[in-house]
Amino acid sequence: MIVLTGPVARYAQRLHGHVGSGHHVASPLGAWLLLALVGPAATGATRVDLEEALGIDVDTAAATAQALLEDPHPLVASASALWERATLDELAGWRATLPASTETGPLPDQATLDAWARERTDGLIERFPLTVSPETLLILATALATRVSWQTPFEVAPADVLGRGSTWVGQVRRVLRTPAYDHHCWIAGTAQAGDVAVHATAAQSDTAGGREAGMLVVSVAAAPDVAPADVLAAAHEVAIDAATFPGGGAGGRRSLFDLPLGDTPLWTLREVPTRAWGGREERVSAVLPCWSAESRHDLTANDLGFDAAARALGELLGQPRLPYQAAQAAMARYGRYGFEAAAVTAFAMATGLPPEGVARVAELRFGHPYAVVAVATDRRGGQVGPWHGVPVYSAWVAQPSELPESDLAEPTAAP
């Protein structure tokens, strides 16, 4: 299995580029995983297009997605599902490539899809991002969810510490200040966004079964005139570096003694007398606001890969241009004590309604004497027991009874 940092970081640039500069949250990984699950269905030019979106070949992508979904990170709940209106033989080969953990079944109604989104994200996502319709042929979905606590909580500071140039000072009263331990702050030089301010803090780790699994949440701020897409690209680079080199990152970290003293929109740099071995010491802290976001993203732009995914499955069905939908619902909250985020990504293909036909409807009337037989069933796993099929009660009904008055009332819900 390859390291996914590069392919997912590049896909993130595409996805965030389409979302734009408004307040939002997304899960590029959730969308990437869904494309990877479709990958083995692709052939020819469609396969090339899908690999271009994935950043690696489809077989490797599928194997990597399978490994992630079948051996989930302890701090990232994950799920995948395939629902079909009818089990089509043409999709059998592709269906067999899905991870064993992928839920399968008949196409559910909207309420059931919404419930799936809530259950697989621990209530963080309330509604499934797509709407099921009579034309919907199949839905493939992934879900990711995280709810973690910081190793050391933030301290609280008045909002004016954000600086006179911050427009947020009038919008909030309090912000977060880094404590003395377990939070890492530095200034990094990046190719995409120049010098940036960086804050990183880790979630409490999971150490069950001899495995230590954690999560590092990295915040990156650039100068106000840097394009959001460039800041996001720089943030991916810095975050990957920080996770690889704990304690503040390796490549790109700037010495404070190489920067000019004074105020900028990103930091204030000053000198104070101290006693330090070697005569010099660097100290960095940070203040940042709490934040939350809820977003829904349309993923149908061609270069996001879902057009190729629709063609791949459509070609298996002999209908390469079936209409499709792709969307993601995402949320995140960042606060003093922890971080939570979730995303549900869904891809649906549609077909035309069945041709018009005719239906016959019968209403049966038991208006004269008739027989009733009560037969026992007795199933035990794949076997049947001795009671199975045994008629236990039988009757001949030749005299009807009046419905009791007590049965006329509407039933009440059980307590």
# chains A, B, ... in the order shown; residues from 1 in each chain; ligands from 1
>>> residues_around(residues="region 217-221 of chain A", least_positions_apart="6", cutoff="7 Å", atoms="only C-alpha atoms", output="ChimeraX atom specification")
/A:196-202,235,239
>>> select_by_dssp(residues="region 93-301 of chain A", states="alpha helix (DSSP H)", output="VMD selection string")
chain A and resid 93 to 95 110 to 120 228 to 244
>>> write_last_selection(atoms="N, CA, C and O atoms", output="short mmCIF file (atom, residue, chain, number, x, y, z; two decimals), in the first residue's frame")
data_model
loop_
_atom_site.label_atom_id
_atom_site.label_comp_id
_atom_site.auth_asym_id
_atom_site.auth_seq_id
_atom_site.Cartn_x
_atom_site.Cartn_y
_atom_site.Cartn_z
N GLY A 93 -18.96 -8.31 -11.22
CA GLY A 93 -17.51 -8.33 -11.12
C GLY A 93 -16.98 -7.15 -10.33
O GLY A 93 -16.10 -7.30 -9.47
N TRP A 94 -17.51 -5.96 -10.61
CA TRP A 94 -17.09 -4.78 -9.86
C TRP A 94 -17.53 -4.88 -8.41
O TRP A 94 -16.76 -4.56 -7.49
N ARG A 95 -18.75 -5.31 -8.18
CA ARG A 95 -19.28 -5.41 -6.83
C ARG A 95 -18.37 -6.29 -5.95
O ARG A 95 -18.17 -6.01 -4.76
N GLN A 110 -35.53 7.95 1.63
CA GLN A 110 -34.73 9.08 2.08
C GLN A 110 -34.52 9.07 3.59
O GLN A 110 -33.43 9.40 4.08
N ALA A 111 -35.55 8.71 4.33
CA ALA A 111 -35.42 8.70 5.79
C ALA A 111 -34.36 7.71 6.23
O ALA A 111 -33.61 7.97 7.18
N THR A 112 -34.27 6.58 5.57
CA THR A 112 -33.27 5.58 5.91
C THR A 112 -31.87 6.06 5.56
O THR A 112 -30.91 5.82 6.29
N LEU A 113 -31.74 6.75 4.42
CA LEU A 113 -30.44 7.31 4.06
C LEU A 113 -30.00 8.36 5.09
O LEU A 113 -28.83 8.40 5.49
N ASP A 114 -30.93 9.21 5.52
CA ASP A 114 -30.60 10.21 6.53
C ASP A 114 -30.18 9.54 7.83
O ASP A 114 -29.22 9.97 8.49
N ALA A 115 -30.88 8.48 8.19
CA ALA A 115 -30.54 7.75 9.42
C ALA A 115 -29.15 7.13 9.30
O ALA A 115 -28.37 7.11 10.27
N TRP A 116 -28.82 6.60 8.12
CA TRP A 116 -27.48 6.02 7.91
C TRP A 116 -26.41 7.09 8.11
O TRP A 116 -25.39 6.84 8.77
N ALA A 117 -26.62 8.27 7.56
CA ALA A 117 -25.65 9.36 7.72
C ALA A 117 -25.48 9.71 9.20
O ALA A 117 -24.34 9.88 9.67
N ARG A 118 -26.56 9.80 9.94
CA ARG A 118 -26.47 10.13 11.37
C ARG A 118 -25.74 9.04 12.14
O ARG A 118 -24.86 9.32 12.95
N GLU A 119 -26.13 7.79 11.88
CA GLU A 119 -25.55 6.69 12.65
C GLU A 119 -24.06 6.50 12.36
O GLU A 119 -23.27 6.22 13.27
N ARG A 120 -23.67 6.67 11.11
CA ARG A 120 -22.26 6.42 10.76
C ARG A 120 -21.36 7.59 11.11
O ARG A 120 -20.14 7.47 11.06
N PRO A 228 -6.81 31.90 -1.22
CA PRO A 228 -7.16 30.77 -0.36
C PRO A 228 -6.64 29.44 -0.88
O PRO A 228 -6.20 28.59 -0.08
N ALA A 229 -6.69 29.22 -2.19
CA ALA A 229 -6.21 27.95 -2.74
C ALA A 229 -4.74 27.73 -2.43
O ALA A 229 -4.31 26.60 -2.14
N ASP A 230 -3.95 28.80 -2.46
CA ASP A 230 -2.53 28.68 -2.17
C ASP A 230 -2.29 28.42 -0.68
O ASP A 230 -1.38 27.67 -0.31
N VAL A 231 -3.10 29.03 0.17
CA VAL A 231 -2.95 28.79 1.61
C VAL A 231 -3.33 27.35 1.94
O VAL A 231 -2.65 26.68 2.73
N LEU A 232 -4.40 26.85 1.33
CA LEU A 232 -4.79 25.47 1.57
C LEU A 232 -3.72 24.50 1.09
O LEU A 232 -3.42 23.50 1.77
N ALA A 233 -3.11 24.78 -0.06
CA ALA A 233 -2.04 23.91 -0.55
C ALA A 233 -0.86 23.94 0.40
O ALA A 233 -0.26 22.90 0.71
N ALA A 234 -0.50 25.13 0.88
CA ALA A 234 0.60 25.24 1.83
C ALA A 234 0.27 24.51 3.13
O ALA A 234 1.14 23.85 3.73
N ALA A 235 -0.99 24.61 3.57
CA ALA A 235 -1.38 23.96 4.82
C ALA A 235 -1.26 22.44 4.72
O ALA A 235 -0.84 21.79 5.68
N HIS A 236 -1.63 21.87 3.57
CA HIS A 236 -1.45 20.43 3.41
C HIS A 236 0.03 20.05 3.51
O HIS A 236 0.39 19.07 4.16
N GLU A 237 0.88 20.84 2.86
CA GLU A 237 2.31 20.55 2.89
C GLU A 237 2.86 20.64 4.31
O GLU A 237 3.59 19.76 4.77
N VAL A 238 2.49 21.70 5.02
CA VAL A 238 2.98 21.90 6.38
C VAL A 238 2.45 20.81 7.32
O VAL A 238 3.18 20.28 8.16
N ALA A 239 1.17 20.48 7.19
CA ALA A 239 0.58 19.48 8.08
C ALA A 239 1.20 18.11 7.87
O ALA A 239 1.47 17.39 8.84
N ILE A 240 1.42 17.73 6.62
CA ILE A 240 2.07 16.44 6.35
C ILE A 240 3.47 16.42 6.94
O ILE A 240 3.91 15.44 7.56
N ASP A 241 4.18 17.52 6.79
CA ASP A 241 5.52 17.64 7.33
C ASP A 241 5.50 17.56 8.85
O ASP A 241 6.34 16.89 9.48
N ALA A 242 4.53 18.23 9.47
CA ALA A 242 4.44 18.23 10.92
C ALA A 242 4.12 16.85 11.48
O ALA A 242 4.64 16.46 12.54
N ALA A 243 3.28 16.11 10.78
CA ALA A 243 2.97 14.75 11.22
C ALA A 243 4.16 13.82 11.05
O ALA A 243 4.33 12.87 11.82
N THR A 244 4.98 14.10 10.05
CA THR A 244 6.15 13.27 9.80
C THR A 244 7.28 13.57 10.77
O THR A 244 8.02 12.68 11.19
#
>>> closest_residue(among="A:Met349, A:Val38, A:Ala12, A:Ala86", to="Gly55 (chain A)", atoms="only C-alpha atoms")
A:Ala12
>>> residues_around(residues="region 279-290 of chain A", least_positions_apart="4", cutoff="6 Å", atoms="only C-alpha atoms", output="list in words")
Val175, Leu176, Arg177, Thr178, Cys185, Tyr334 and Gly335 of chain A
>>> closest_residue(among="A:Trp291, A:Trp32, A:Trp186, A:Tyr11", to="Ala309 (chain A)", atoms="only C-alpha atoms")
A:Trp32
>>> residues_around(residues="Glu52 (chain A)", least_positions_apart="6", cutoff="12 Å", atoms="only C-alpha atoms", output="JSON, numbers by chain")
{"A": [7, 10, 11, 14, 32, 35, 36, 39, 45, 46, 58, 61, 302, 303, 304, 305, 306, 308, 309]}
>>> write_last_selection(atoms="all heavy atoms", output="compact mmCIF listing (two decimals), in the first residue's frame")
# COMPACT_ATOMS: atom_id res chain seq x y z
N PRO A 7 -1.29 11.93 -3.28
CA PRO A 7 -2.52 11.90 -4.06
C PRO A 7 -3.69 12.63 -3.40
O PRO A 7 -4.43 13.35 -4.07
CB PRO A 7 -2.81 10.39 -4.21
CG PRO A 7 -1.46 9.76 -4.14
CD PRO A 7 -0.69 10.58 -3.14
N ARG A 10 -3.15 16.45 -3.49
CA ARG A 10 -3.42 17.02 -4.82
C ARG A 10 -4.92 17.05 -5.10
O ARG A 10 -5.44 18.01 -5.69
CB ARG A 10 -2.68 16.21 -5.89
CG ARG A 10 -1.17 16.42 -5.86
CD ARG A 10 -0.51 15.80 -7.09
NE ARG A 10 -0.60 14.36 -7.11
CZ ARG A 10 0.28 13.55 -6.52
NH1 ARG A 10 1.30 14.06 -5.84
NH2 ARG A 10 0.15 12.24 -6.59
N TYR A 11 -5.63 16.00 -4.69
CA TYR A 11 -7.08 16.00 -4.88
C TYR A 11 -7.72 17.11 -4.05
O TYR A 11 -8.69 17.74 -4.47
CB TYR A 11 -7.67 14.64 -4.49
CG TYR A 11 -9.12 14.50 -4.90
CD1 TYR A 11 -9.46 14.13 -6.19
CD2 TYR A 11 -10.15 14.78 -4.01
CE1 TYR A 11 -10.79 14.03 -6.59
CE2 TYR A 11 -11.48 14.68 -4.39
CZ TYR A 11 -11.79 14.31 -5.69
OH TYR A 11 -13.10 14.23 -6.07
N ARG A 14 -7.81 20.36 -5.89
CA ARG A 14 -8.91 20.41 -6.86
C ARG A 14 -10.24 20.70 -6.18
O ARG A 14 -11.01 21.56 -6.60
CB ARG A 14 -9.03 19.08 -7.60
CG ARG A 14 -7.87 18.75 -8.51
CD ARG A 14 -8.19 17.50 -9.28
NE ARG A 14 -7.10 17.12 -10.17
CZ ARG A 14 -7.24 16.41 -11.26
NH1 ARG A 14 -8.45 15.99 -11.61
NH2 ARG A 14 -6.21 16.09 -12.00
N TRP A 32 -12.20 11.03 -2.33
CA TRP A 32 -11.17 10.20 -2.97
C TRP A 32 -11.45 8.72 -2.74
O TRP A 32 -11.33 7.90 -3.67
CB TRP A 32 -9.80 10.59 -2.41
CG TRP A 32 -8.63 9.99 -3.13
CD1 TRP A 32 -7.89 10.57 -4.12
CD2 TRP A 32 -8.07 8.68 -2.93
NE1 TRP A 32 -6.90 9.70 -4.54
CE2 TRP A 32 -6.99 8.54 -3.82
CE3 TRP A 32 -8.37 7.62 -2.08
CZ2 TRP A 32 -6.21 7.38 -3.90
CZ3 TRP A 32 -7.60 6.46 -2.15
CH2 TRP A 32 -6.53 6.35 -3.04
N LEU A 35 -14.17 7.48 -5.11
CA LEU A 35 -13.65 7.26 -6.47
C LEU A 35 -12.82 6.00 -6.53
O LEU A 35 -12.89 5.24 -7.51
CB LEU A 35 -12.78 8.45 -6.89
CG LEU A 35 -13.49 9.77 -7.18
CD1 LEU A 35 -12.47 10.83 -7.52
CD2 LEU A 35 -14.50 9.63 -8.32
N ALA A 36 -12.02 5.75 -5.49
CA ALA A 36 -11.16 4.56 -5.48
C ALA A 36 -12.00 3.29 -5.48
O ALA A 36 -11.59 2.27 -6.08
CB ALA A 36 -10.24 4.60 -4.27
N GLY A 39 -13.01 2.59 -8.99
CA GLY A 39 -11.88 2.40 -9.89
C GLY A 39 -11.80 1.09 -10.65
O GLY A 39 -11.60 1.09 -11.87
N ALA A 45 -10.13 4.64 -21.93
CA ALA A 45 -9.98 6.07 -21.70
C ALA A 45 -10.61 6.49 -20.38
O ALA A 45 -10.12 7.42 -19.71
CB ALA A 45 -10.60 6.86 -22.85
N THR A 46 -11.69 5.83 -19.98
CA THR A 46 -12.33 6.15 -18.71
C THR A 46 -11.39 5.85 -17.55
O THR A 46 -11.30 6.61 -16.58
CB THR A 46 -13.63 5.35 -18.55
OG1 THR A 46 -14.52 5.69 -19.62
CG2 THR A 46 -14.31 5.66 -17.23
N VAL A 58 -5.74 2.82 -10.69
CA VAL A 58 -6.99 2.47 -10.01
C VAL A 58 -6.85 1.22 -9.15
O VAL A 58 -7.50 1.12 -8.10
CB VAL A 58 -8.14 2.31 -11.02
CG1 VAL A 58 -8.48 3.64 -11.68
CG2 VAL A 58 -7.84 1.25 -12.06
N ALA A 61 -5.23 2.31 -5.96
CA ALA A 61 -6.19 3.12 -5.22
C ALA A 61 -7.24 2.25 -4.54
O ALA A 61 -7.58 2.45 -3.37
CB ALA A 61 -6.85 4.13 -6.14
N ASN A 302 -16.10 18.08 -13.79
CA ASN A 302 -15.44 16.98 -14.50
C ASN A 302 -14.11 16.56 -13.89
O ASN A 302 -13.81 15.37 -13.80
CB ASN A 302 -15.23 17.36 -15.97
CG ASN A 302 -16.52 17.33 -16.77
OD1 ASN A 302 -17.53 16.84 -16.29
ND2 ASN A 302 -16.48 17.88 -17.97
N ASP A 303 -13.29 17.53 -13.46
CA ASP A 303 -11.96 17.15 -13.00
C ASP A 303 -11.95 16.59 -11.58
O ASP A 303 -10.90 16.23 -11.06
CB ASP A 303 -10.98 18.33 -13.12
CG ASP A 303 -11.35 19.49 -12.21
OD1 ASP A 303 -12.51 19.55 -11.76
OD2 ASP A 303 -10.47 20.33 -11.96
N LEU A 304 -13.11 16.49 -10.93
CA LEU A 304 -13.18 15.83 -9.63
C LEU A 304 -13.34 14.33 -9.74
O LEU A 304 -13.34 13.62 -8.73
CB LEU A 304 -14.31 16.43 -8.79
CG LEU A 304 -14.11 17.89 -8.37
CD1 LEU A 304 -15.29 18.38 -7.54
CD2 LEU A 304 -12.81 18.07 -7.61
N GLY A 305 -13.51 13.81 -10.94
CA GLY A 305 -13.45 12.37 -11.17
C GLY A 305 -14.77 11.62 -11.20
O GLY A 305 -14.81 10.47 -11.63
N PHE A 306 -15.86 12.25 -10.76
CA PHE A 306 -17.10 11.50 -10.68
C PHE A 306 -17.76 11.32 -12.05
O PHE A 306 -18.55 10.38 -12.24
CB PHE A 306 -18.05 12.15 -9.67
CG PHE A 306 -17.58 11.94 -8.26
CD1 PHE A 306 -16.82 12.90 -7.61
CD2 PHE A 306 -17.87 10.77 -7.59
CE1 PHE A 306 -16.36 12.71 -6.33
CE2 PHE A 306 -17.41 10.55 -6.30
CZ PHE A 306 -16.65 11.52 -5.67
N ALA A 308 -16.01 10.45 -14.65
CA ALA A 308 -15.36 9.21 -15.07
C ALA A 308 -15.91 8.01 -14.31
O ALA A 308 -16.07 6.93 -14.88
CB ALA A 308 -13.84 9.32 -14.87
N ALA A 309 -16.22 8.19 -13.02
CA ALA A 309 -16.80 7.09 -12.25
C ALA A 309 -18.15 6.68 -12.82
O ALA A 309 -18.46 5.48 -12.93
CB ALA A 309 -16.95 7.52 -10.79
>>> atom_distance(atom1="CA of Thr274 (chain A)", atom2="CA of Phe257 (chain A)")
14.8 Å
>>> closest_atom_pairs(of="region 68-109 of chain A", to="region 314-317 of chain A", cutoff="10 Å", atoms="only C-alpha atoms", output="tab-separated table")
residue	atom	partner	partner_atom	distance
A:Leu88	CA	A:Leu317	CA	8.4
A:Asp89	CA	A:Leu317	CA	9.0
A:Glu90	CA	A:Leu317	CA	5.8
A:Leu91	CA	A:Leu316	CA	6.6
A:Ala92	CA	A:Leu316	CA	9.7
A:Gly93	CA	A:Leu316	CA	9.5
A:Trp94	CA	A:Leu316	CA	8.9
>>> write_last_selection(atoms="N, CA, C and O atoms", output="tab-separated table (two decimals), in the first residue's frame")
chain	number	residue	atom	x	y	z
A	88	LEU	N	-27.87	-6.02	-10.42
A	88	LEU	CA	-27.60	-6.19	-11.85
A	88	LEU	C	-26.40	-7.10	-12.07
A	88	LEU	O	-25.33	-6.89	-11.50
A	89	ASP	N	-26.58	-8.12	-12.92
A	89	ASP	CA	-25.50	-9.06	-13.19
A	89	ASP	C	-24.29	-8.36	-13.80
A	89	ASP	O	-23.15	-8.78	-13.59
A	90	GLU	N	-24.53	-7.29	-14.58
A	90	GLU	CA	-23.41	-6.60	-15.24
A	90	GLU	C	-22.44	-5.98	-14.24
A	90	GLU	O	-21.28	-5.72	-14.57
A	91	LEU	N	-22.89	-5.72	-13.02
A	91	LEU	CA	-22.03	-5.10	-12.01
A	91	LEU	C	-21.42	-6.12	-11.05
A	91	LEU	O	-20.72	-5.73	-10.11
A	92	ALA	N	-21.66	-7.40	-11.27
A	92	ALA	CA	-21.22	-8.42	-10.31
A	92	ALA	C	-19.71	-8.41	-10.13
A	92	ALA	O	-19.20	-8.52	-9.00
A	93	GLY	N	-18.96	-8.31	-11.22
A	93	GLY	CA	-17.51	-8.33	-11.12
A	93	GLY	C	-16.98	-7.15	-10.33
A	93	GLY	O	-16.10	-7.30	-9.47
A	94	TRP	N	-17.51	-5.96	-10.61
A	94	TRP	CA	-17.09	-4.78	-9.86
A	94	TRP	C	-17.53	-4.88	-8.41
A	94	TRP	O	-16.76	-4.56	-7.49
>>> atom_distance(atom1="CA of Pro265 (chain A)", atom2="CA of Ala159 (chain A)")
15.0 Å
>>> atom_distance(atom1="CA of Thr300 (chain A)", atom2="CA of Ala312 (chain A)")
14.8 Å
>>> closest_residue(among="A:Gly30, A:Pro40, A:Gly252, A:Pro106", to="Leu69 (chain A)", atoms="only C-alpha atoms")
A:Gly30
>>> select_by_dssp(residues="region 140-185 of chain A", states="strand (DSSP E)", output="mmCIF file with N, CA, C and O atoms, in the first residue's frame")
data_model
loop_
_atom_site.group_PDB
_atom_site.id
_atom_site.type_symbol
_atom_site.label_atom_id
_atom_site.label_comp_id
_atom_site.auth_asym_id
_atom_site.auth_seq_id
_atom_site.Cartn_x
_atom_site.Cartn_y
_atom_site.Cartn_z
ATOM 1 N N LEU A 140 -23.630 4.893 -4.054
ATOM 2 C CA LEU A 140 -22.411 4.469 -3.381
ATOM 3 C C LEU A 140 -22.016 5.597 -2.439
ATOM 4 O O LEU A 140 -22.026 6.764 -2.834
ATOM 5 N N ALA A 141 -21.688 5.279 -1.193
ATOM 6 C CA ALA A 141 -21.420 6.331 -0.216
ATOM 7 C C ALA A 141 -20.272 5.946 0.701
ATOM 8 O O ALA A 141 -20.013 4.763 0.947
ATOM 9 N N THR A 142 -19.584 6.971 1.211
ATOM 10 C CA THR A 142 -18.597 6.795 2.269
ATOM 11 C C THR A 142 -18.926 7.754 3.398
ATOM 12 O O THR A 142 -19.527 8.809 3.181
ATOM 13 N N ALA A 143 -18.522 7.399 4.605
ATOM 14 C CA ALA A 143 -18.723 8.254 5.766
ATOM 15 C C ALA A 143 -17.468 8.229 6.623
ATOM 16 O O ALA A 143 -16.863 7.168 6.828
ATOM 17 N N LEU A 144 -17.079 9.388 7.109
ATOM 18 C CA LEU A 144 -15.949 9.531 8.011
ATOM 19 C C LEU A 144 -16.381 10.405 9.180
ATOM 20 O O LEU A 144 -17.124 11.373 8.990
ATOM 21 N N ALA A 145 -15.917 10.081 10.382
ATOM 22 C CA ALA A 145 -16.299 10.886 11.548
ATOM 23 C C ALA A 145 -15.197 10.830 12.595
ATOM 24 O O ALA A 145 -14.586 9.786 12.823
ATOM 25 N N THR A 146 -14.977 11.975 13.238
ATOM 26 C CA THR A 146 -13.930 12.108 14.265
ATOM 27 C C THR A 146 -14.457 12.979 15.392
ATOM 28 O O THR A 146 -15.079 14.013 15.150
ATOM 29 N N ARG A 147 -14.216 12.559 16.614
ATOM 30 C CA ARG A 147 -14.533 13.382 17.777
ATOM 31 C C ARG A 147 -13.412 13.158 18.798
ATOM 32 O O ARG A 147 -13.323 12.073 19.389
ATOM 33 N N VAL A 148 -12.539 14.150 18.962
ATOM 34 C CA VAL A 148 -11.349 13.973 19.789
ATOM 35 C C VAL A 148 -11.194 15.118 20.771
ATOM 36 O O VAL A 148 -11.741 16.215 20.585
ATOM 37 N N SER A 149 -10.411 14.880 21.821
ATOM 38 C CA SER A 149 -10.060 15.903 22.813
ATOM 39 C C SER A 149 -8.578 16.207 22.697
ATOM 40 O O SER A 149 -7.764 15.326 22.416
ATOM 41 N N GLU A 155 -6.029 27.829 26.621
ATOM 42 C CA GLU A 155 -6.436 28.843 27.574
ATOM 43 C C GLU A 155 -7.375 29.812 26.857
ATOM 44 O O GLU A 155 -7.565 29.729 25.643
ATOM 45 N N VAL A 156 -7.968 30.736 27.604
ATOM 46 C CA VAL A 156 -8.930 31.686 27.038
ATOM 47 C C VAL A 156 -8.362 33.097 27.142
ATOM 48 O O VAL A 156 -7.749 33.459 28.152
ATOM 49 N N ALA A 157 -8.555 33.873 26.077
ATOM 50 C CA ALA A 157 -8.055 35.249 26.050
ATOM 51 C C ALA A 157 -9.118 36.157 25.446
ATOM 52 O O ALA A 157 -9.994 35.695 24.698
ATOM 53 N N PRO A 158 -9.071 37.472 25.737
ATOM 54 C CA PRO A 158 -10.024 38.400 25.105
ATOM 55 C C PRO A 158 -9.729 38.519 23.618
ATOM 56 O O PRO A 158 -8.587 38.389 23.169
ATOM 57 N N ARG A 174 -14.187 36.298 22.974
ATOM 58 C CA ARG A 174 -13.090 35.505 23.519
ATOM 59 C C ARG A 174 -12.503 34.601 22.438
ATOM 60 O O ARG A 174 -13.224 34.141 21.541
ATOM 61 N N VAL A 175 -11.227 34.340 22.551
ATOM 62 C CA VAL A 175 -10.532 33.453 21.621
ATOM 63 C C VAL A 175 -9.672 32.483 22.418
ATOM 64 O O VAL A 175 -9.643 32.518 23.661
ATOM 65 N N LEU A 176 -8.973 31.626 21.712
ATOM 66 C CA LEU A 176 -8.141 30.603 22.337
ATOM 67 C C LEU A 176 -6.684 31.052 22.364
ATOM 68 O O LEU A 176 -6.187 31.620 21.397
ATOM 69 N N ARG A 177 -5.985 30.752 23.457
ATOM 70 C CA ARG A 177 -4.560 31.014 23.560
ATOM 71 C C ARG A 177 -3.849 29.706 23.888
ATOM 72 O O ARG A 177 -4.327 28.919 24.708
ATOM 73 N N HIS A 183 1.296 22.146 22.706
ATOM 74 C CA HIS A 183 0.909 22.870 21.505
ATOM 75 C C HIS A 183 2.184 23.376 20.849
ATOM 76 O O HIS A 183 3.108 23.828 21.535
ATOM 77 N N HIS A 184 2.243 23.327 19.542
ATOM 78 C CA HIS A 184 3.451 23.718 18.822
ATOM 79 C C HIS A 184 3.123 24.856 17.860
ATOM 80 O O HIS A 184 2.145 24.790 17.112
ATOM 81 N N CYS A 185 3.932 25.899 17.892
ATOM 82 C CA CYS A 185 3.724 27.062 17.041
ATOM 83 C C CYS A 185 5.045 27.420 16.370
ATOM 84 O O CYS A 185 6.107 27.345 16.996
#
>>> residues_around(residues="Val19 (chain A)", least_positions_apart="2", cutoff="12 Å", atoms="only C-alpha atoms", output="PyMOL selection string")
chain A and resi 12-17+21-28+228-229+232+295-301+304+327-328
>>> write_last_selection(atoms="N, CA and C atoms", output="CSV table (one decimal), in the first residue's frame")
chain,number,residue,atom,x,y,z
A,12,ALA,N,-7.2,17.4,-2.9
A,12,ALA,CA,-7.7,18.4,-2.0
A,12,ALA,C,-7.6,19.8,-2.7
A,13,GLN,N,-6.5,20.0,-3.4
A,13,GLN,CA,-6.4,21.3,-4.2
A,13,GLN,C,-7.5,21.4,-5.2
A,14,ARG,N,-7.8,20.4,-5.9
A,14,ARG,CA,-8.9,20.4,-6.9
A,14,ARG,C,-10.2,20.7,-6.2
A,15,LEU,N,-10.5,19.9,-5.1
A,15,LEU,CA,-11.8,20.1,-4.5
A,15,LEU,C,-12.0,21.5,-3.9
A,16,HIS,N,-11.0,21.9,-3.1
A,16,HIS,CA,-11.2,23.2,-2.5
A,16,HIS,C,-11.2,24.3,-3.6
A,17,GLY,N,-10.5,24.1,-4.7
A,17,GLY,CA,-10.5,25.1,-5.8
A,17,GLY,C,-11.9,25.3,-6.3
A,21,SER,N,-13.7,30.4,-2.0
A,21,SER,CA,-13.1,31.1,-0.8
A,21,SER,C,-14.1,31.4,0.3
A,22,GLY,N,-15.3,30.9,0.2
A,22,GLY,CA,-16.2,31.0,1.3
A,22,GLY,C,-15.9,30.1,2.5
A,23,HIS,N,-16.5,30.4,3.6
A,23,HIS,CA,-16.3,29.6,4.8
A,23,HIS,C,-16.9,28.2,4.6
A,24,HIS,N,-16.0,27.2,4.7
A,24,HIS,CA,-16.5,25.8,4.4
A,24,HIS,C,-15.6,24.8,5.1
A,25,VAL,N,-16.0,23.6,5.1
A,25,VAL,CA,-15.2,22.4,5.5
A,25,VAL,C,-15.5,21.3,4.5
A,26,ALA,N,-14.5,20.5,4.2
A,26,ALA,CA,-14.7,19.4,3.2
A,26,ALA,C,-13.8,18.2,3.7
A,27,SER,N,-14.1,17.1,3.1
A,27,SER,CA,-13.2,15.9,3.3
A,27,SER,C,-12.8,15.4,1.9
A,28,PRO,N,-11.6,15.9,1.4
A,28,PRO,CA,-11.1,15.4,0.2
A,28,PRO,C,-10.9,13.8,0.2
A,228,PRO,N,-6.8,31.9,-1.2
A,228,PRO,CA,-7.2,30.8,-0.4
A,228,PRO,C,-6.6,29.4,-0.9
A,229,ALA,N,-6.7,29.2,-2.2
A,229,ALA,CA,-6.2,27.9,-2.7
A,229,ALA,C,-4.7,27.7,-2.4
A,232,LEU,N,-4.4,26.9,1.3
A,232,LEU,CA,-4.8,25.5,1.6
A,232,LEU,C,-3.7,24.5,1.1
A,295,SER,N,-21.1,22.4,5.6
A,295,SER,CA,-21.0,22.6,4.1
A,295,SER,C,-21.7,21.4,3.4
A,296,ARG,N,-22.2,21.8,2.2
A,296,ARG,CA,-22.6,20.8,1.2
A,296,ARG,C,-21.9,21.1,-0.1
A,297,HIS,N,-21.2,20.2,-0.7
A,297,HIS,CA,-20.5,20.4,-1.9
A,297,HIS,C,-21.0,19.6,-3.1
A,298,ASP,N,-21.2,20.2,-4.2
A,298,ASP,CA,-21.5,19.5,-5.5
A,298,ASP,C,-20.2,19.0,-6.1
A,299,LEU,N,-20.1,17.7,-6.3
A,299,LEU,CA,-18.8,17.1,-6.8
A,299,LEU,C,-18.9,16.7,-8.3
A,300,THR,N,-19.8,17.4,-9.0
A,300,THR,CA,-20.0,16.9,-10.4
A,300,THR,C,-19.1,17.6,-11.4
A,301,ALA,N,-18.2,18.5,-11.0
A,301,ALA,CA,-17.2,19.1,-11.9
A,301,ALA,C,-16.4,18.0,-12.5
A,304,LEU,N,-13.1,16.5,-10.9
A,304,LEU,CA,-13.2,15.8,-9.6
A,304,LEU,C,-13.3,14.3,-9.7
A,327,ALA,N,-22.1,14.4,-4.3
A,327,ALA,CA,-22.2,15.5,-3.4
A,327,ALA,C,-21.6,15.0,-2.1
A,328,GLN,N,-21.2,16.0,-1.3
A,328,GLN,CA,-20.6,15.7,0.1
A,328,GLN,C,-21.2,16.7,1.1
>>> decode(residues="region 80-89 of chain A", atoms="C-alpha atoms", output="short mmCIF file (atom, residue, chain, number, x, y, z; two decimals), in the first residue's frame")
data_model
loop_
_atom_site.label_atom_id
_atom_site.label_comp_id
_atom_site.auth_asym_id
_atom_site.auth_seq_id
_atom_site.Cartn_x
_atom_site.Cartn_y
_atom_site.Cartn_z
CA SER A 80 -18.97 2.59 2.99
CA ALA A 81 -22.21 1.38 1.44
CA LEU A 82 -23.68 0.37 -1.91
CA TRP A 83 -27.44 0.35 -2.40
CA GLU A 84 -29.06 -0.83 -5.65
CA ARG A 85 -32.60 -0.70 -6.95
CA ALA A 86 -31.97 -4.11 -8.53
CA THR A 87 -28.99 -6.44 -8.32
CA LEU A 88 -27.60 -6.19 -11.85
CA ASP A 89 -25.50 -9.06 -13.19
#
